[in-house]
file run_11.cif (mmCIF, C-alpha atoms and all ligand atoms)
data_my_file
loop_
_atom_site.label_atom_id
_atom_site.label_comp_id
_atom_site.auth_asym_id
_atom_site.auth_seq_id
_atom_site.Cartn_x
_atom_site.Cartn_y
_atom_site.Cartn_z
CA MET A 1 199.13 18.57 30.14
CA PRO A 2 197.00 17.92 27.04
CA ASP A 3 194.92 20.89 25.82
CA THR A 4 194.74 23.20 28.80
CA PRO A 5 197.33 26.00 28.90
CA PRO A 6 198.47 26.57 32.51
CA ALA A 7 196.62 29.33 34.34
CA PRO A 8 198.62 31.89 36.39
CA VAL A 9 200.11 30.60 39.65
CA ILE A 10 198.45 32.07 42.76
CA LEU A 11 200.60 34.55 44.71
CA GLY A 12 199.77 36.16 48.03
CA ASN A 13 200.34 39.77 47.05
CA GLU A 14 196.83 41.00 46.33
CA PRO A 15 195.44 42.83 49.41
CA GLY A 16 191.90 41.68 50.16
CA SER A 17 192.44 38.27 48.57
CA PHE A 18 192.20 35.02 50.54
CA PRO A 19 195.90 34.11 50.07
CA HIS A 20 196.95 37.58 51.27
CA SER A 21 194.79 37.21 54.39
CA VAL A 22 196.39 33.85 55.18
CA LEU A 23 199.89 35.35 55.05
CA ALA A 24 199.00 38.64 56.74
CA GLU A 25 196.48 37.44 59.35
CA ARG A 26 196.30 33.65 59.72
CA HIS A 27 200.04 33.15 60.12
CA PRO A 28 200.46 35.73 62.93
CA ALA A 29 197.40 34.18 64.65
CA ILE A 30 199.03 30.76 64.42
CA VAL A 31 202.21 32.13 66.00
CA ARG A 32 200.13 33.63 68.86
CA GLN A 33 198.40 30.30 69.43
CA VAL A 34 201.68 28.40 69.47
CA ARG A 35 203.21 30.86 71.98
CA GLU A 36 200.30 30.28 74.32
CA ALA A 37 200.36 26.51 73.99
CA PHE A 38 203.78 25.90 75.59
CA PRO A 39 206.00 27.54 78.25
CA TYR A 40 208.71 28.31 75.72
CA GLY A 41 211.88 30.09 76.81
CA PRO A 42 213.24 33.49 75.72
CA GLU A 43 215.11 31.96 72.81
CA GLN A 44 211.93 30.60 71.25
CA HIS A 45 210.00 33.82 71.91
CA ARG A 46 212.73 35.82 70.19
CA ALA A 47 212.72 33.45 67.22
CA LEU A 48 208.92 33.67 66.96
CA ASP A 49 209.10 37.51 67.08
CA ALA A 50 211.66 37.41 64.28
CA LEU A 51 209.46 35.11 62.20
CA VAL A 52 206.41 37.36 62.53
CA GLU A 53 208.54 40.38 61.64
CA SER A 54 210.07 38.60 58.65
CA CYS A 55 206.69 37.46 57.33
CA ALA A 56 205.14 40.93 57.64
CA LYS A 57 207.93 43.18 56.41
CA GLY A 58 210.91 41.13 55.51
CA VAL A 59 212.04 38.71 52.91
CA ILE A 60 212.57 34.94 52.85
CA GLU A 61 215.91 34.18 54.42
CA PRO A 62 218.26 31.25 53.76
CA LEU A 63 217.93 28.23 56.04
CA PRO A 64 220.63 27.88 58.72
CA ALA A 65 223.84 26.50 57.17
CA ASP A 66 223.59 23.32 59.28
CA ALA A 67 219.93 22.57 58.43
CA SER A 68 219.67 18.86 57.75
CA ASP A 69 217.07 19.46 55.04
CA GLY A 70 219.00 22.31 53.36
CA ASP A 71 219.63 20.29 50.20
CA ARG A 72 216.02 19.25 49.99
CA TRP A 73 214.81 22.86 50.24
CA ALA A 74 217.41 23.87 47.65
CA ALA A 75 215.86 21.31 45.29
CA TRP A 76 212.41 22.69 46.19
CA GLY A 77 213.28 26.19 44.95
CA MET A 78 214.82 27.87 48.01
CA ASP A 79 217.60 29.62 46.09
CA GLU A 80 215.13 31.18 43.69
CA TYR A 81 213.00 32.64 46.50
CA VAL A 82 215.58 33.75 49.08
CA GLY A 83 215.58 37.56 49.32
CA ARG A 84 212.04 37.92 47.97
CA SER A 85 208.97 39.02 49.93
CA TRP A 86 206.80 36.20 51.31
CA PHE A 87 203.92 37.81 49.41
CA ASP A 88 205.58 37.79 45.98
CA VAL A 89 206.44 34.09 45.62
CA PRO A 90 203.93 31.30 44.87
CA TRP A 91 201.49 31.19 47.78
CA LEU A 92 201.76 27.40 48.04
CA TRP A 93 205.51 27.80 48.51
CA SER A 94 205.41 30.61 51.08
CA GLU A 95 202.68 28.96 53.17
CA SER A 96 204.52 25.67 53.28
CA HIS A 97 207.81 27.37 54.11
CA PHE A 98 206.16 29.26 56.97
CA TYR A 99 205.54 25.95 58.82
CA ARG A 100 209.16 24.89 58.28
CA ARG A 101 210.34 28.19 59.84
CA LEU A 102 207.82 28.04 62.68
CA LEU A 103 209.07 24.60 63.71
CA ASP A 104 212.63 25.90 63.57
CA ALA A 105 211.70 28.82 65.83
CA VAL A 106 210.30 26.53 68.55
CA GLY A 107 213.27 24.15 68.42
CA TYR A 108 211.38 21.27 66.82
CA PHE A 109 214.30 20.22 64.65
CA GLY A 110 216.69 20.36 67.62
CA PRO A 111 219.07 19.48 69.01
CA GLY A 112 217.70 20.46 72.41
CA PRO A 113 214.85 19.80 74.81
CA TRP A 114 212.10 20.93 72.42
CA GLN A 115 213.19 18.63 69.65
CA GLY A 116 210.20 16.71 68.25
CA ILE A 117 207.61 18.55 70.40
CA ASP A 118 204.61 19.23 68.13
CA PRO A 119 203.53 22.85 68.77
CA PHE A 120 200.01 22.02 67.59
CA ARG A 121 199.54 18.92 69.73
CA PRO A 122 197.40 20.56 72.47
CA SER A 123 194.78 21.75 69.97
CA LYS A 124 194.84 18.43 68.09
CA LEU A 125 194.31 16.48 71.33
CA ALA A 126 191.53 18.81 72.48
CA GLU A 127 189.67 18.10 69.27
CA LEU A 128 190.30 14.36 69.41
CA HIS A 129 188.79 14.23 72.90
CA SER A 130 185.91 16.60 72.19
CA ARG A 131 182.19 15.93 72.58
CA GLU A 132 181.84 16.13 68.79
CA THR A 133 184.25 13.20 68.39
CA ASP A 134 182.28 11.24 71.02
CA GLU A 135 179.11 11.85 69.02
CA GLU A 136 180.69 10.82 65.74
CA LEU A 137 181.97 7.59 67.27
CA ALA A 138 178.62 6.83 68.91
CA ALA A 139 176.97 7.14 65.47
CA LEU A 140 178.84 3.94 64.48
CA ASP A 141 176.54 1.98 66.79
CA ASP A 142 173.48 3.02 64.74
CA LEU A 143 175.28 2.06 61.56
CA ALA A 144 176.18 -1.46 62.69
CA ASP A 145 172.99 -3.16 61.41
CA ARG A 146 172.81 -1.36 58.09
CA PRO A 147 173.73 -3.10 54.80
CA VAL A 148 177.42 -2.94 53.85
CA ALA A 149 176.86 -0.62 50.88
CA GLU A 150 175.01 1.84 53.09
CA ARG A 151 177.82 1.76 55.63
CA THR A 152 180.40 2.33 52.88
CA GLU A 153 178.45 5.36 51.71
CA ALA A 154 178.10 6.78 55.22
CA LEU A 155 181.79 6.30 55.98
CA LEU A 156 182.85 7.78 52.64
CA HIS A 157 180.79 10.88 53.31
CA GLY A 158 182.10 10.95 56.90
CA SER A 159 185.61 11.08 55.50
CA LEU A 160 184.66 13.77 52.97
CA TRP A 161 182.92 16.07 55.46
CA GLY A 162 185.52 15.34 58.13
CA ASN A 163 187.64 17.73 56.06
CA ARG A 164 185.62 20.63 57.49
CA ALA A 165 187.41 20.03 60.78
CA ASP A 166 190.55 22.02 60.08
CA LEU A 167 192.16 23.90 62.94
CA GLY A 168 194.07 26.35 60.72
CA PHE A 169 190.91 27.28 58.86
CA ARG A 170 189.05 27.83 62.12
CA LEU A 171 191.75 30.28 63.26
CA SER A 172 190.98 32.69 60.46
CA ASP A 173 187.27 31.92 60.25
CA ALA A 174 185.89 31.24 63.71
CA ASP A 175 182.30 30.79 62.47
CA ALA A 176 183.27 28.24 59.85
CA GLU A 177 181.98 25.16 61.62
CA ALA A 178 178.74 26.78 62.70
CA ARG A 179 177.82 27.53 59.10
CA ALA A 180 175.58 24.86 57.69
CA ALA A 181 177.21 22.56 55.15
CA VAL A 182 175.51 22.37 51.76
CA PRO A 183 174.87 18.63 51.32
CA GLY A 184 174.60 18.66 47.49
CA LEU A 185 178.14 18.26 46.13
CA VAL A 186 179.41 20.80 43.58
CA ALA A 187 180.90 17.88 41.63
CA ASP A 188 180.04 14.28 42.37
CA ASP A 189 181.99 11.43 40.77
CA GLY A 190 180.78 9.12 43.53
CA ASP A 191 179.78 6.39 41.06
CA ALA A 192 183.24 6.30 39.50
CA LEU A 193 184.75 6.20 42.98
CA ARG A 194 182.55 3.28 44.03
CA ARG A 195 183.57 1.42 40.86
CA LEU A 196 187.26 1.92 41.62
CA LEU A 197 186.66 0.73 45.16
CA THR A 198 185.28 -2.62 44.03
CA ASP A 199 187.63 -5.52 44.65
CA ALA A 200 190.65 -3.24 44.77
CA ASP A 201 194.17 -4.24 45.69
CA THR A 202 195.95 -1.22 47.22
CA LEU A 203 194.30 1.99 48.36
CA CYS A 204 196.65 4.91 49.05
CA LEU A 205 195.04 7.59 51.18
CA ILE A 206 196.90 10.89 51.28
CA ALA A 207 195.67 12.14 54.62
CA ASP A 208 194.96 15.72 55.58
CA ASN A 209 193.94 16.76 59.10
CA ALA A 210 194.36 14.79 62.33
CA GLY A 211 191.51 14.38 64.83
CA ARG A 212 188.03 14.71 63.43
CA GLU A 213 189.17 14.15 59.84
CA LEU A 214 191.64 11.34 60.46
CA ILE A 215 189.18 9.37 62.60
CA PRO A 216 186.64 8.97 59.74
CA ASP A 217 189.50 8.29 57.29
CA LEU A 218 190.63 5.43 59.53
CA LEU A 219 187.07 4.15 59.96
CA LEU A 220 186.67 4.06 56.19
CA ILE A 221 189.93 2.13 55.78
CA ALA A 222 188.92 -0.35 58.53
CA HIS A 223 185.56 -0.90 56.86
CA LEU A 224 187.02 -1.41 53.38
CA LEU A 225 189.62 -3.86 54.73
CA ALA A 226 187.07 -5.76 56.80
CA HIS A 227 184.79 -6.30 53.80
CA GLY A 228 187.55 -7.23 51.39
CA THR A 229 186.83 -4.17 49.24
CA ILE A 230 190.54 -3.43 49.37
CA ARG A 231 193.38 -5.82 50.15
CA ARG A 232 195.67 -3.28 51.75
CA ALA A 233 195.84 0.43 52.53
CA VAL A 234 198.74 2.85 52.68
CA LEU A 235 198.15 5.98 54.70
CA HIS A 236 200.40 8.90 53.78
CA VAL A 237 200.88 11.38 56.64
CA LYS A 238 203.21 14.31 57.18
CA PRO A 239 206.77 13.79 58.42
CA TYR A 240 206.44 16.87 60.67
CA PRO A 241 203.66 19.13 62.01
CA TYR A 242 202.20 21.17 59.17
CA TYR A 243 199.28 23.51 58.45
CA VAL A 244 198.33 23.34 62.14
CA SER A 245 196.29 20.17 62.15
CA ASP A 246 197.78 17.96 59.43
CA ALA A 247 198.21 14.38 60.58
CA THR A 248 201.60 12.94 61.53
CA THR A 249 202.39 9.38 62.66
CA ALA A 250 201.96 10.47 66.31
CA ASP A 251 198.44 11.65 65.42
CA VAL A 252 197.65 8.28 63.84
CA VAL A 253 198.70 6.58 67.08
CA ASP A 254 196.56 9.01 69.13
CA ALA A 255 193.57 8.39 66.85
CA LEU A 256 193.97 4.59 67.06
CA ARG A 257 194.15 4.78 70.87
CA ARG A 258 191.08 7.00 70.87
CA LEU A 259 189.22 4.34 68.88
CA THR A 260 190.35 1.32 70.89
CA ASP A 261 189.46 3.12 74.16
CA ALA A 262 186.00 4.15 72.93
CA PRO A 263 182.80 2.40 73.96
CA GLY A 264 180.65 0.48 71.48
CA GLU A 265 181.44 -0.33 67.86
CA ALA A 266 184.31 2.17 67.56
CA ALA A 267 186.64 0.00 69.64
CA GLY A 268 186.25 -2.89 67.17
CA TYR A 269 187.29 -0.60 64.28
CA GLY A 270 190.31 0.46 66.34
CA ARG A 271 191.34 -3.11 67.14
CA ARG A 272 191.03 -4.17 63.51
CA LEU A 273 193.23 -1.28 62.42
CA TRP A 274 195.77 -2.06 65.15
CA SER A 275 196.09 -5.65 63.85
CA ALA A 276 196.14 -4.42 60.24
CA MET A 277 199.19 -2.33 61.15
CA ALA A 278 200.82 -5.49 62.51
CA ASP A 279 200.08 -7.71 59.50
CA GLY A 280 200.77 -5.14 56.77
CA GLY A 281 197.12 -4.57 55.86
CA LEU A 282 197.62 -0.94 56.84
CA THR A 283 200.97 0.80 56.34
CA VAL A 284 201.76 4.36 57.41
CA ARG A 285 204.24 6.41 55.38
CA ALA A 286 205.64 9.89 55.96
CA HIS A 287 207.46 10.84 52.77
CA PRO A 288 209.41 14.15 52.86
CA PHE A 289 207.53 15.27 49.74
CA SER A 290 204.30 15.25 51.76
CA CYS A 291 205.56 18.52 53.30
CA ALA A 292 206.99 19.89 50.04
CA PRO A 293 205.92 23.37 48.87
CA LEU A 294 205.21 21.97 45.42
CA PRO A 295 202.36 20.50 43.39
CA TYR A 296 202.00 16.74 42.84
CA ALA A 297 203.02 17.23 39.22
CA ASP A 298 206.55 17.39 40.70
CA LEU A 299 206.34 14.06 42.58
CA PRO A 300 209.78 12.49 43.10
CA ASP A 301 210.35 9.13 41.39
CA ASP A 302 209.99 6.88 44.45
CA PHE A 303 206.68 8.45 45.56
CA ARG A 304 205.44 8.47 41.96
CA ALA A 305 206.22 4.75 41.57
CA GLU A 306 204.37 3.94 44.78
CA LEU A 307 201.23 5.83 43.73
CA ALA A 308 201.45 4.36 40.22
CA ALA A 309 201.20 0.88 41.74
CA ALA A 310 198.04 1.67 43.77
CA THR A 311 194.58 0.73 42.53
CA LEU A 312 193.39 4.13 43.70
CA THR A 313 194.82 7.14 45.52
CA LEU A 314 192.37 9.11 47.65
CA VAL A 315 193.58 12.67 48.07
CA LYS A 316 192.01 14.36 51.08
CA GLY A 317 191.35 18.03 51.72
CA ASP A 318 191.91 21.49 50.38
CA LEU A 319 195.68 21.79 50.39
CA ASN A 320 196.11 18.38 48.75
CA TYR A 321 193.59 19.47 46.10
CA ARG A 322 195.65 22.60 45.42
CA ARG A 323 198.73 20.41 45.06
CA LEU A 324 196.89 17.91 42.86
CA VAL A 325 195.46 20.30 40.28
CA GLY A 326 198.14 22.99 40.67
CA ASP A 327 197.68 26.14 42.77
CA ARG A 328 196.53 28.25 39.84
CA ARG A 329 193.71 30.52 38.81
CA TRP A 330 191.99 27.86 36.71
CA PRO A 331 188.66 28.75 35.16
CA PRO A 332 186.28 26.59 37.29
CA THR A 333 185.10 24.64 34.23
CA THR A 334 188.65 23.45 33.40
CA ALA A 335 188.51 19.66 33.08
CA PHE A 336 189.68 17.88 36.25
CA ALA A 337 190.97 15.00 34.08
CA GLU A 338 193.26 17.37 32.19
CA VAL A 339 194.81 19.12 35.16
CA THR A 340 195.39 15.77 36.89
CA ALA A 341 196.73 13.99 33.78
CA HIS A 342 200.22 14.11 35.36
CA PHE A 343 199.11 11.88 38.27
CA PRO A 344 200.59 8.39 37.96
CA GLY A 345 197.41 6.36 38.62
CA PRO A 346 193.68 6.54 39.29
CA VAL A 347 193.01 9.37 41.72
CA ALA A 348 190.02 10.70 43.64
CA ALA A 349 189.80 14.03 45.45
CA LEU A 350 187.59 14.33 48.56
CA ARG A 351 187.57 17.97 49.54
CA THR A 352 185.56 20.70 51.21
CA LEU A 353 186.18 24.01 49.44
CA LYS A 354 188.38 26.32 51.53
CA SER A 355 190.51 28.17 48.99
CA ASP A 356 190.04 29.75 45.57
CA VAL A 357 191.27 26.87 43.42
CA ILE A 358 188.58 24.86 41.68
CA THR A 359 188.31 22.78 38.52
CA GLY A 360 185.84 20.38 36.96
CA LEU A 361 182.62 22.30 37.59
CA GLY A 362 179.73 22.29 35.14
CA ALA A 363 179.03 25.77 33.73
CA ASP A 364 175.52 25.66 35.26
CA THR A 365 176.87 24.73 38.67
CA GLU A 366 179.37 27.57 38.61
CA ALA A 367 176.72 30.05 37.49
CA ALA A 368 174.33 28.94 40.25
CA LEU A 369 177.02 29.20 42.92
CA VAL A 370 178.06 32.68 41.79
CA ALA A 371 174.44 33.84 41.59
CA ALA A 372 173.80 32.65 45.14
CA GLU A 373 177.05 33.60 46.87
CA GLY A 374 179.34 35.70 44.66
CA GLN A 375 182.77 34.07 45.07
CA ARG A 376 182.28 33.16 48.74
CA TRP A 377 181.50 29.49 47.94
CA ARG A 378 185.13 28.95 47.03
CA THR A 379 186.47 29.57 50.54
CA SER A 380 183.58 29.21 53.01
CA GLY A 381 184.07 25.48 53.73
CA THR A 382 180.36 24.81 53.24
CA HIS A 383 180.61 23.07 49.85
CA ALA A 384 182.29 19.80 49.00
CA LEU A 385 183.21 17.66 46.04
CA ILE A 386 184.19 14.17 44.94
CA GLN A 387 186.21 14.17 41.73
CA VAL A 388 187.78 11.14 40.07
CA ARG A 389 190.19 10.55 37.23
O1 LIG B 401 193.98 21.14 53.50
P1 LIG B 401 192.87 21.52 54.41
O2 LIG B 401 193.15 21.14 55.82
O3 LIG B 401 191.54 21.03 53.94
O4 LIG B 401 192.74 23.08 54.37
C1 LIG B 401 193.86 23.88 54.50
C2 LIG B 401 193.50 25.33 54.53
O5 LIG B 401 192.75 25.68 55.66
O6 LIG B 401 194.70 25.96 54.56
C3 LIG B 401 194.99 26.56 53.30
C4 LIG B 401 195.11 28.01 53.44
O7 LIG B 401 196.01 28.27 54.43
C5 LIG B 401 193.90 26.27 52.36
O8 LIG B 401 194.32 25.32 51.46
C6 LIG B 401 192.79 25.81 53.27
O9 LIG B 401 192.03 26.95 53.55
#
call {"tool": "encode", "arguments": {"input": "run_11.cif", "output": "structure tokens"}}
result
Amino acid sequence: MPDTPPAPVILGNEPGSFPHSVLAERHPAIVRQVREAFPYGPEQHRALDALVESCAKGVIEPLPADASDGDRWAAWGMDEYVGRSWFDVPWLWSESHFYRRLLDAVGYFGPGPWQGIDPFRPSKLAELHSRETDEELAALDDLADRPVAERTEALLHGSLWGNRADLGFRLSDADAEARAAVPGLVADDGDALRRLLTDADTLCLIADNAGRELIPDLLLIAHLLAHGTIRRAVLHVKPYPYYVSDATTADVVDALRRLTDAPGEAAGYGRRLWSAMADGGLTVRAHPFSCAPLPYADLPDDFRAELAAATLTLVKGDLNYRRLVGDRRWPPTTAFAEVTAHFPGPVAALRTLKSDVITGLGADTEAALVAAEGQRWRTSGTHALIQVR
């Protein structure tokens, strides 16, 4: 990285901090929600008890000897962290590992009857079929007669603010969605983004949440394909359920069905995407690294080569932002271009702010935010940004 010395990596061991609250409060709440969502048997309940106990008082344990992804986790730092408290290792690592262990506890990785059953699916489906989603899809009818550039802008902002819909975030902050969003962006490289989206070949979109975030992401892709703004799109989703509402291939299928079954304009977007999947205009990928506990600076060669070949990579959401810039205590005015210099091609972050990490702010912007809200603006989910390099 050029001139910027790395800032300290964020750990979860400071009581009262946001990362500490995620490990100490959000994770047990997620386990409670998962227990209630399915009629699991005694074996799963025992495993979930053990996970809660381990997270609260114990240490990170080795994966089972027969785990099919044991080698992968070894390469991702497992051996270094085994035996240490969940709170004392990089927060990005311990959070990510929590979801791997949770899926193990409910039998997701099998073999057995619960293999492949997404423990978060009931809440994802509830959101996908909510009144709010109906309203967002109905809004497409009003947009139909507007000029293309206006539609692009509306769909881009739909995708950006769709990131507020995050089921994990809502678990630890029930009032989050009710709080009014602040429409002025804390950083706005929208012009640079629009330039990159002119006559582009391949757009990679690294997706974040399913449901009310994935729907606007898909609408944006359908619109850009339909108007020849991009030639093809590659949608990167998670290979397994992650951070409660992160999108998997099954969620893409649910979202496409939701669109094709909807009344009005939405169905046309759905049908176009369905055919784009068939003719290669839209490809879905689920690379193992998408669930890695590591920053994008550590991209493996095959993923790196794929992103290097894209005209633009759109990185959605808070967790992807942490992985893009590095989950570190950067001074907020640290240049976004410097901390993303490792990324193999043009990249844009579309994110609502839901964790402490932030870069690329003007000194005046930071000062105004702090004067108005203390440090709350970093995690409240009410502010958003578009940053491009
Ligand atoms: O990536 P997303 O869905 O926008 O947000 C994920 C999130 O809710 O989870 C993490 C904390 O657990 C933070 O990165 C953020 O608060």
call {"tool": "residues_near_ligand", "arguments": {"input": "run_11.cif", "ligand": "ligand LIG 401 (chain B)", "cutoff": "6 Å", "atoms": "only C-alpha atoms and all ligand atoms", "output": "number ranges by chain"}}
result
A: 22, 163, 166, 168-169, 208-209, 317-320, 354-355
call {"tool": "atom_distance", "arguments": {"input": "run_11.cif", "atom1": "atom CA of A:Ala222", "atom2": "atom CA of A:Ala154"}}
result
13.4 Å
call {"tool": "residues_around", "arguments": {"input": "run_11.cif", "residues": "stretch 6-16 of chain A", "least_positions_apart": "3", "cutoff": "12 Å", "atoms": "all atoms listed in the file", "output": "JSON, numbers by chain"}}
result
{"A": [1, 2, 3, 19, 20, 21, 22, 23, 24, 25, 55, 56, 84, 85, 86, 87, 88, 89, 90, 91, 92, 93, 94, 95, 294, 295, 322, 323, 325, 326, 327, 328, 329, 330, 331, 332, 334, 338, 339, 355, 356, 357, 358, 359]}
call {"tool": "atom_distance", "arguments": {"input": "run_11.cif", "atom1": "atom CA of A:Ala139", "atom2": "atom CA of A:Gly264"}}
result
9.7 Å
call {"tool": "closest_residue", "arguments": {"input": "run_11.cif", "among": "A:Gly190, A:Pro5, A:Pro239, A:Gly162", "to": "A:Asp217", "atoms": "all atoms listed in the file"}}
result
A:Gly162
call {"tool": "residues_around", "arguments": {"input": "run_11.cif", "residues": "A:Glu136", "least_positions_apart": "3", "cutoff": "10 Å", "atoms": "all atoms listed in the file", "output": "ChimeraX atom specification"}}
result
/A:131-133,139-141,158,212,215-216,266
call {"tool": "atom_distance", "arguments": {"input": "run_11.cif", "atom1": "atom CA of A:Ala210", "atom2": "atom CA of A:Ser123"}}
result
10.3 Å
call {"tool": "residues_around", "arguments": {"input": "run_11.cif", "residues": "stretch 244-257 of chain A", "least_positions_apart": "6", "cutoff": "8 Å", "atoms": "all atoms listed in the file", "output": "PyMOL selection string"}}
result
chain A and resi 30+120+124+128+166-168+207-211+214-215+237-238+270+273-274+284+286
call {"tool": "write_last_selection", "arguments": {"input": "run_11.cif", "atoms": "C-alpha atoms", "output": "PDB file, in the frame of the given file"}}
result
ATOM      1  CA  ILE A  30     199.030  30.760  64.420  1.00  0.00           C
ATOM      2  CA  PHE A 120     200.010  22.020  67.590  1.00  0.00           C
ATOM      3  CA  LYS A 124     194.840  18.430  68.090  1.00  0.00           C
ATOM      4  CA  LEU A 128     190.300  14.360  69.410  1.00  0.00           C
ATOM      5  CA  ASP A 166     190.550  22.020  60.080  1.00  0.00           C
ATOM      6  CA  LEU A 167     192.160  23.900  62.940  1.00  0.00           C
ATOM      7  CA  GLY A 168     194.070  26.350  60.720  1.00  0.00           C
ATOM      8  CA  ALA A 207     195.670  12.140  54.620  1.00  0.00           C
ATOM      9  CA  ASP A 208     194.960  15.720  55.580  1.00  0.00           C
ATOM     10  CA  ASN A 209     193.940  16.760  59.100  1.00  0.00           C
ATOM     11  CA  ALA A 210     194.360  14.790  62.330  1.00  0.00           C
ATOM     12  CA  GLY A 211     191.510  14.380  64.830  1.00  0.00           C
ATOM     13  CA  LEU A 214     191.640  11.340  60.460  1.00  0.00           C
ATOM     14  CA  ILE A 215     189.180   9.370  62.600  1.00  0.00           C
ATOM     15  CA  VAL A 237     200.880  11.380  56.640  1.00  0.00           C
ATOM     16  CA  LYS A 238     203.210  14.310  57.180  1.00  0.00           C
ATOM     17  CA  GLY A 270     190.310   0.460  66.340  1.00  0.00           C
ATOM     18  CA  LEU A 273     193.230  -1.280  62.420  1.00  0.00           C
ATOM     19  CA  TRP A 274     195.770  -2.060  65.150  1.00  0.00           C
ATOM     20  CA  VAL A 284     201.760   4.360  57.410  1.00  0.00           C
ATOM     21  CA  ALA A 286     205.640   9.890  55.960  1.00  0.00           C
TER      22      ALA A 286
END
call {"tool": "residues_around", "arguments": {"input": "run_11.cif", "residues": "A:Glu36", "least_positions_apart": "2", "cutoff": "12 Å", "atoms": "only C-alpha atoms", "output": "list in words"}}
result
Ala29, Ile30, Val31, Arg32, Gln33, Val34, Phe38, Pro39, Tyr40, Gly41, His45, Leu48, Pro119, Phe120, Pro122 and Ser123 of chain A
call {"tool": "write_last_selection", "arguments": {"input": "run_11.cif", "atoms": "C-alpha atoms", "output": "compact mmCIF listing (two decimals), in the coordinates of the input"}}
result
# COMPACT_ATOMS: atom_id res chain seq x y z
CA ALA A 29 197.40 34.18 64.65
CA ILE A 30 199.03 30.76 64.42
CA VAL A 31 202.21 32.13 66.00
CA ARG A 32 200.13 33.63 68.86
CA GLN A 33 198.40 30.30 69.43
CA VAL A 34 201.68 28.40 69.47
CA PHE A 38 203.78 25.90 75.59
CA PRO A 39 206.00 27.54 78.25
CA TYR A 40 208.71 28.31 75.72
CA GLY A 41 211.88 30.09 76.81
CA HIS A 45 210.00 33.82 71.91
CA LEU A 48 208.92 33.67 66.96
CA PRO A 119 203.53 22.85 68.77
CA PHE A 120 200.01 22.02 67.59
CA PRO A 122 197.40 20.56 72.47
CA SER A 123 194.78 21.75 69.97
call {"tool": "residues_around", "arguments": {"input": "run_11.cif", "residues": "A:Leu63", "least_positions_apart": "6", "cutoff": "9 Å", "atoms": "all atoms listed in the file", "output": "PyMOL selection string"}}
result
chain A and resi 69-70+73+78+101
call {"tool": "closest_residue", "arguments": {"input": "run_11.cif", "among": "A:Ala192, A:Val59, A:Val388, A:Leu197", "to": "A:Arg351", "atoms": "only C-alpha atoms"}}
result
A:Val388
call {"tool": "closest_residue", "arguments": {"input": "run_11.cif", "among": "A:Ala384, A:Val315, A:Val52, A:Val182", "to": "A:Leu353", "atoms": "only C-alpha atoms"}}
result
A:Ala384
call {"tool": "closest_residue", "arguments": {"input": "run_11.cif", "among": "A:Asp201, A:Asp104, A:Asp145, A:Asp301", "to": "A:Gln44", "atoms": "all atoms listed in the file"}}
result
A:Asp104
call {"tool": "decode", "arguments": {"input": "run_11.cif", "residues": "stretch 339-350 of chain A", "atoms": "N, CA and C atoms", "output": "PDB file, in the first residue's frame"}}
result
ATOM      1  N   VAL A 339      -6.107   2.722   0.356  1.00  0.00           N
ATOM      2  CA  VAL A 339      -6.398   1.461   1.055  1.00  0.00           C
ATOM      3  C   VAL A 339      -7.015   0.419   0.122  1.00  0.00           C
ATOM      4  N   THR A 340      -7.413   0.841  -1.088  1.00  0.00           N
ATOM      5  CA  THR A 340      -7.944  -0.132  -2.046  1.00  0.00           C
ATOM      6  C   THR A 340      -6.979  -0.351  -3.217  1.00  0.00           C
ATOM      7  N   ALA A 341      -5.752   0.141  -3.071  1.00  0.00           N
ATOM      8  CA  ALA A 341      -4.766   0.020  -4.163  1.00  0.00           C
ATOM      9  C   ALA A 341      -4.487  -1.448  -4.505  1.00  0.00           C
ATOM     10  N   HIS A 342      -4.692  -2.343  -3.542  1.00  0.00           N
ATOM     11  CA  HIS A 342      -4.456  -3.779  -3.764  1.00  0.00           C
ATOM     12  C   HIS A 342      -5.471  -4.386  -4.717  1.00  0.00           C
ATOM     13  N   PHE A 343      -6.639  -3.729  -4.908  1.00  0.00           N
ATOM     14  CA  PHE A 343      -7.740  -4.358  -5.649  1.00  0.00           C
ATOM     15  C   PHE A 343      -7.374  -4.434  -7.124  1.00  0.00           C
ATOM     16  N   PRO A 344      -7.669  -5.570  -7.783  1.00  0.00           N
ATOM     17  CA  PRO A 344      -7.094  -5.787  -9.117  1.00  0.00           C
ATOM     18  C   PRO A 344      -7.715  -4.989 -10.255  1.00  0.00           C
ATOM     19  N   GLY A 345      -8.784  -4.229 -10.020  1.00  0.00           N
ATOM     20  CA  GLY A 345      -9.387  -3.470 -11.123  1.00  0.00           C
ATOM     21  C   GLY A 345     -10.220  -2.336 -10.558  1.00  0.00           C
ATOM     22  N   PRO A 346     -10.884  -1.577 -11.434  1.00  0.00           N
ATOM     23  CA  PRO A 346     -11.746  -0.501 -10.951  1.00  0.00           C
ATOM     24  C   PRO A 346     -12.810  -1.042  -9.991  1.00  0.00           C
ATOM     25  N   VAL A 347     -13.005  -0.325  -8.901  1.00  0.00           N
ATOM     26  CA  VAL A 347     -13.911  -0.837  -7.861  1.00  0.00           C
ATOM     27  C   VAL A 347     -14.745   0.307  -7.291  1.00  0.00           C
ATOM     28  N   ALA A 348     -16.016  -0.001  -7.016  1.00  0.00           N
ATOM     29  CA  ALA A 348     -16.899   0.983  -6.383  1.00  0.00           C
ATOM     30  C   ALA A 348     -17.561   0.341  -5.174  1.00  0.00           C
ATOM     31  N   ALA A 349     -17.590   1.068  -4.064  1.00  0.00           N
ATOM     32  CA  ALA A 349     -18.262   0.585  -2.858  1.00  0.00           C
ATOM     33  C   ALA A 349     -19.595   1.308  -2.717  1.00  0.00           C
ATOM     34  N   LEU A 350     -20.669   0.524  -2.521  1.00  0.00           N
ATOM     35  CA  LEU A 350     -22.001   1.076  -2.237  1.00  0.00           C
ATOM     36  C   LEU A 350     -22.375   0.544  -0.866  1.00  0.00           C
TER      37      LEU A 350
END
